[in-house]
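Peer 1: Below: one structure in structure tokens.
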Amino acid sequence: IGMDTGDILQIIPYTILAHDTSESLMHHLSHLAPPALLDTLEKLDNGQIQAKVQDDSLATYANKINKTDAKINWQQPAKIIDCQIRGYYPWPIAYTEFENQVIKIHQARLLKGQKSSAPPGTILNFLEDEVHIAALDDILAISVWQFPNMKKMSLKDWQNGHQHMLPLGSLLS
């Protein structure tokens, strides 16, 4: 006996969307699960389901998530960083560091196909509602972040009250 090693009774497919976070995914699955469970139990009771043995060779083990796992490594592809930001929201929340301060990244999007020759982690542009940062390949656009001892806020709101901090240096770690 092991963790999640029992037979499979039914598979309900679900497509994870490009903007899903772990929070939105949990919400979608929590609405999908109850009717799927009732349907499975009904089919099981009526003899309409045949249990299928799982292929253990396809199983993987996921370590417990720690806060340090959420630190962004800008030397990675932007797609990986985008998945990290969405996957670690709302906990532990992806973060980067600037001048020994932790900056939490709550929302971002991948600017696929937009490249930069700047070193990964370089802040490229401050626009009205997002900041563009170079990753290993493409560019990431951050729209909601949080500085220490501050609430999370959109980049637009942050810029309204923190003009004195712009351009915020040139490199994140």
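A note on labels: chains of the structure tokens are A, B, ... as shown, every chain counts residues from 1, and ligands are counted from 1 in their shown order.
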If you run DSSP on the backbone, which residues of chain A are strand (DSSP E or B), as number ranges by chain?

Peer 2: A: 8, 52, 71, 95-98, 101-115, 122-126, 131-134, 138-146, 153-154, 171

Peer 1: Just the helix (DSSP H, G or I) stuff from segment 90-172 of chain A, please, per backbone DSSP, written as a list in words.

Peer 2: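 Filtering segment 90-172 of chain A down to helix (DSSP H, G or I) leaves Leu155, Lys156, Asp157, Trp158, Gln159, Asn160, Gly161, Gln163, His164 and Met165 of chain A.
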
Peer 1: Which is closer to Thr5 of chain A than all the others in A:Val53, A:Leu155, A:Ile123, A:Ala70, using only C-alpha atoms?

Peer 2: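 Of A:Val53, A:Leu155, A:Ile123, A:Ala70, the one nearest Thr5 of chain A, counting only C-alpha atoms, is A:Val53.
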
Peer 1: Neighbours of segment 9-19 of chain A within 12 Å (only C-alpha atoms; same-chain residues fewer than 5 positions away dropped), as number ranges by chain?

Peer 2: A: 24-45, 47-54, 79, 82-87, 89, 107-110

Peer 1: Any idea what's packed within 10 Å of Leu140 of chain A, counting only C-alpha atoms, ignoring anything in its chain fewer than 6 positions away? Could you give it as number ranges by chain?

Peer 2: A: 74, 77-79, 81-82, 108-112, 114-115, 121, 123-124, 130-134

Peer 1: Output the selection as an mmCIF file, in the first residue's frame - N, CA and C atoms for each residue.

Peer 2:
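Final output, result00.cif:
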data_model
loop_
_atom_site.group_PDB
_atom_site.id
_atom_site.type_symbol
_atom_site.label_atom_id
_atom_site.label_comp_id
_atom_site.auth_asym_id
_atom_site.auth_seq_id
_atom_site.Cartn_x
_atom_site.Cartn_y
_atom_site.Cartn_z
ATOM 1 N N TRP A 74 16.021 33.940 -12.605
ATOM 2 C CA TRP A 74 15.827 34.617 -13.887
ATOM 3 C C TRP A 74 16.653 33.988 -15.008
ATOM 4 N N PRO A 77 14.035 29.779 -18.552
ATOM 5 C CA PRO A 77 13.127 30.281 -19.587
ATOM 6 C C PRO A 77 11.922 30.987 -18.960
ATOM 7 N N ALA A 78 11.427 32.003 -19.636
ATOM 8 C CA ALA A 78 10.292 32.789 -19.123
ATOM 9 C C ALA A 78 9.065 31.911 -18.890
ATOM 10 N N LYS A 79 8.870 30.891 -19.712
ATOM 11 C CA LYS A 79 7.720 29.997 -19.550
ATOM 12 C C LYS A 79 7.780 29.277 -18.205
ATOM 13 N N ILE A 81 9.309 30.383 -15.471
ATOM 14 C CA ILE A 81 9.061 31.398 -14.440
ATOM 15 C C ILE A 81 7.575 31.716 -14.378
ATOM 16 N N ASP A 82 6.917 31.828 -15.526
ATOM 17 C CA ASP A 82 5.472 32.083 -15.566
ATOM 18 C C ASP A 82 4.713 30.959 -14.852
ATOM 19 N N ALA A 108 1.683 37.746 -13.407
ATOM 20 C CA ALA A 108 2.543 38.078 -14.545
ATOM 21 C C ALA A 108 2.010 37.370 -15.776
ATOM 22 N N ARG A 109 2.573 37.716 -16.899
ATOM 23 C CA ARG A 109 2.223 37.013 -18.135
ATOM 24 C C ARG A 109 3.462 36.920 -19.000
ATOM 25 N N LEU A 110 3.469 35.899 -19.794
ATOM 26 C CA LEU A 110 4.583 35.628 -20.694
ATOM 27 C C LEU A 110 4.415 36.442 -21.968
ATOM 28 N N LEU A 111 5.454 37.138 -22.370
ATOM 29 C CA LEU A 111 5.456 37.837 -23.651
ATOM 30 C C LEU A 111 6.233 36.962 -24.632
ATOM 31 N N LYS A 112 5.565 35.907 -25.041
ATOM 32 C CA LYS A 112 6.208 34.898 -25.878
ATOM 33 C C LYS A 112 6.648 35.505 -27.208
ATOM 34 N N GLN A 114 8.887 37.692 -27.604
ATOM 35 C CA GLN A 114 9.549 38.981 -27.424
ATOM 36 C C GLN A 114 10.862 38.719 -26.705
ATOM 37 N N LYS A 115 11.930 38.977 -27.369
ATOM 38 C CA LYS A 115 13.265 38.663 -26.863
ATOM 39 C C LYS A 115 13.998 39.932 -26.438
ATOM 40 N N GLY A 121 16.923 38.922 -15.736
ATOM 41 C CA GLY A 121 16.668 39.664 -14.504
ATOM 42 C C GLY A 121 16.687 41.166 -14.699
ATOM 43 N N ILE A 123 15.432 44.729 -15.664
ATOM 44 C CA ILE A 123 14.167 45.425 -15.856
ATOM 45 C C ILE A 123 14.290 46.207 -17.155
ATOM 46 N N LEU A 124 13.414 45.890 -18.109
ATOM 47 C CA LEU A 124 13.507 46.481 -19.436
ATOM 48 C C LEU A 124 12.642 47.717 -19.599
ATOM 49 N N GLU A 130 2.382 47.471 -16.235
ATOM 50 C CA GLU A 130 3.244 46.305 -16.076
ATOM 51 C C GLU A 130 4.706 46.692 -16.250
ATOM 52 N N VAL A 131 5.560 45.836 -15.679
ATOM 53 C CA VAL A 131 7.003 45.999 -15.839
ATOM 54 C C VAL A 131 7.504 44.785 -16.603
ATOM 55 N N HIS A 132 8.362 45.019 -17.577
ATOM 56 C CA HIS A 132 8.912 43.947 -18.402
ATOM 57 C C HIS A 132 10.302 43.588 -17.883
ATOM 58 N N ILE A 133 10.516 42.273 -17.695
ATOM 59 C CA ILE A 133 11.785 41.789 -17.177
ATOM 60 C C ILE A 133 12.308 40.699 -18.110
ATOM 61 N N ALA A 134 13.581 40.768 -18.403
ATOM 62 C CA ALA A 134 14.214 39.773 -19.267
ATOM 63 C C ALA A 134 14.396 38.464 -18.500
#

Peer 1: Out of A:Asn160, A:Gln75, A:Ile105, A:Ser117, which residue has the shortest atom-to-atom distance to Ala141 of chain A when counting only C-alpha atoms?

Peer 2: A:Ile105

Peer 1: Can you pull out the residues contacting segment 91-100 of chain A? Cut-off 9 Å, using only C-alpha atoms, and skip same-chain residues under 2 positions away; I want them as JSON, numbers by chain.

Peer 2: {"A": [22, 23, 65, 66, 67, 68, 69, 70, 71, 72, 73, 74, 81, 84, 85, 86, 87, 88, 89, 102, 103, 104, 105, 106, 145, 168, 169, 171, 172, 173]}

Peer 1: Deliver the residues from the most recent selection as a file, using N, CA, C and O atoms, as a compact mmCIF listing (two decimals), in the first residue's frame.

Peer 2:
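Produced file part_39.txt, reproduced below:
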# COMPACT_ATOMS: atom_id res chain seq x y z
N SER A 22 -2.64 28.02 -9.02
CA SER A 22 -3.04 26.87 -8.19
C SER A 22 -4.36 27.17 -7.50
O SER A 22 -5.17 26.27 -7.29
N GLU A 23 -4.61 28.43 -7.18
CA GLU A 23 -5.88 28.82 -6.55
C GLU A 23 -7.06 28.65 -7.50
O GLU A 23 -8.08 28.05 -7.14
N ILE A 65 6.30 21.38 -0.76
CA ILE A 65 6.69 22.72 -1.22
C ILE A 65 7.19 23.53 -0.03
O ILE A 65 6.55 23.58 1.02
N ASN A 66 8.33 24.19 -0.22
CA ASN A 66 8.89 25.10 0.78
C ASN A 66 8.89 26.51 0.21
O ASN A 66 8.89 26.70 -1.00
N LYS A 67 8.94 27.50 1.08
CA LYS A 67 8.97 28.89 0.62
C LYS A 67 10.16 29.15 -0.30
O LYS A 67 10.05 29.90 -1.26
N THR A 68 11.28 28.51 -0.01
CA THR A 68 12.48 28.76 -0.83
C THR A 68 12.32 28.23 -2.25
O THR A 68 13.02 28.71 -3.16
N ASP A 69 11.42 27.28 -2.47
CA ASP A 69 11.16 26.77 -3.82
C ASP A 69 10.60 27.86 -4.73
O ASP A 69 10.70 27.77 -5.95
N ALA A 70 9.98 28.87 -4.13
CA ALA A 70 9.29 29.91 -4.90
C ALA A 70 10.21 31.03 -5.35
O ALA A 70 9.76 31.95 -6.05
N LYS A 71 11.50 30.98 -5.00
CA LYS A 71 12.42 32.04 -5.44
C LYS A 71 12.65 31.91 -6.94
O LYS A 71 12.99 30.86 -7.46
N ILE A 72 12.46 33.00 -7.63
CA ILE A 72 12.61 33.03 -9.09
C ILE A 72 14.09 33.05 -9.46
O ILE A 72 14.87 33.83 -8.94
N ASN A 73 14.43 32.17 -10.40
CA ASN A 73 15.76 32.16 -10.99
C ASN A 73 15.59 32.72 -12.40
O ASN A 73 15.07 32.04 -13.28
N TRP A 74 16.02 33.94 -12.60
CA TRP A 74 15.83 34.62 -13.89
C TRP A 74 16.65 33.99 -15.01
O TRP A 74 16.47 34.32 -16.18
N ILE A 81 9.31 30.38 -15.47
CA ILE A 81 9.06 31.40 -14.44
C ILE A 81 7.57 31.72 -14.38
O ILE A 81 7.00 31.85 -13.29
N GLN A 84 5.91 29.00 -12.58
CA GLN A 84 6.26 29.10 -11.16
C GLN A 84 5.39 30.15 -10.47
O GLN A 84 4.86 29.90 -9.38
N ILE A 85 5.22 31.29 -11.08
CA ILE A 85 4.40 32.36 -10.49
C ILE A 85 2.96 31.89 -10.32
O ILE A 85 2.34 32.09 -9.27
N ARG A 86 2.41 31.25 -11.34
CA ARG A 86 1.02 30.77 -11.26
C ARG A 86 0.89 29.59 -10.31
O ARG A 86 -0.08 29.48 -9.56
N GLY A 87 1.87 28.70 -10.30
CA GLY A 87 1.80 27.51 -9.46
C GLY A 87 1.97 27.81 -7.98
O GLY A 87 1.41 27.11 -7.14
N TYR A 88 2.73 28.83 -7.65
CA TYR A 88 2.96 29.18 -6.25
C TYR A 88 2.00 30.27 -5.76
O TYR A 88 2.26 30.90 -4.74
N TYR A 89 0.93 30.50 -6.48
CA TYR A 89 -0.06 31.47 -6.03
C TYR A 89 -1.32 30.73 -5.60
O TYR A 89 -1.82 29.93 -6.35
N VAL A 102 12.76 41.31 -0.42
CA VAL A 102 11.97 40.30 -1.12
C VAL A 102 10.79 40.99 -1.80
O VAL A 102 10.03 41.72 -1.15
N ILE A 103 10.66 40.80 -3.08
CA ILE A 103 9.54 41.32 -3.85
C ILE A 103 8.72 40.13 -4.31
O ILE A 103 9.20 39.29 -5.09
N LYS A 104 7.49 40.02 -3.81
CA LYS A 104 6.61 38.92 -4.18
C LYS A 104 5.92 39.25 -5.49
O LYS A 104 5.46 40.37 -5.69
N ILE A 105 5.85 38.26 -6.37
CA ILE A 105 5.21 38.44 -7.67
C ILE A 105 3.89 37.69 -7.65
O ILE A 105 3.86 36.47 -7.59
N HIS A 106 2.79 38.42 -7.70
CA HIS A 106 1.46 37.82 -7.62
C HIS A 106 0.87 37.52 -9.00
O HIS A 106 0.08 36.59 -9.13
N TRP A 145 2.49 43.01 -7.80
CA TRP A 145 3.59 42.61 -6.95
C TRP A 145 3.41 43.16 -5.56
O TRP A 145 2.47 43.90 -5.29
N LEU A 168 14.01 51.65 -10.19
CA LEU A 168 14.13 50.47 -9.33
C LEU A 168 15.38 49.66 -9.64
O LEU A 168 15.42 48.47 -9.49
N GLY A 169 16.40 50.31 -10.11
CA GLY A 169 17.61 49.55 -10.40
C GLY A 169 17.49 48.79 -11.70
O GLY A 169 16.46 48.79 -12.33
N LEU A 171 18.76 45.38 -12.12
CA LEU A 171 18.87 43.93 -12.11
C LEU A 171 18.26 43.34 -10.86
O LEU A 171 18.53 43.80 -9.75
N LEU A 172 17.42 42.34 -11.05
CA LEU A 172 16.84 41.58 -9.96
C LEU A 172 17.66 40.31 -9.79
O LEU A 172 18.26 39.84 -10.74
N SER A 173 17.67 39.77 -8.61
CA SER A 173 18.41 38.52 -8.41
C SER A 173 17.47 37.34 -8.30
O SER A 173 16.31 37.49 -8.14

Peer 1: Which residue out of A:Gly161, A:Asn46, A:Pro120, A:Gln101 has the minimum interatomic distance to Pro148 of chain A when only C-alpha atoms are used?

Peer 2: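 Among A:Gly161, A:Asn46, A:Pro120, A:Gln101, it is A:Gln101 that comes nearest to Pro148 of chain A.
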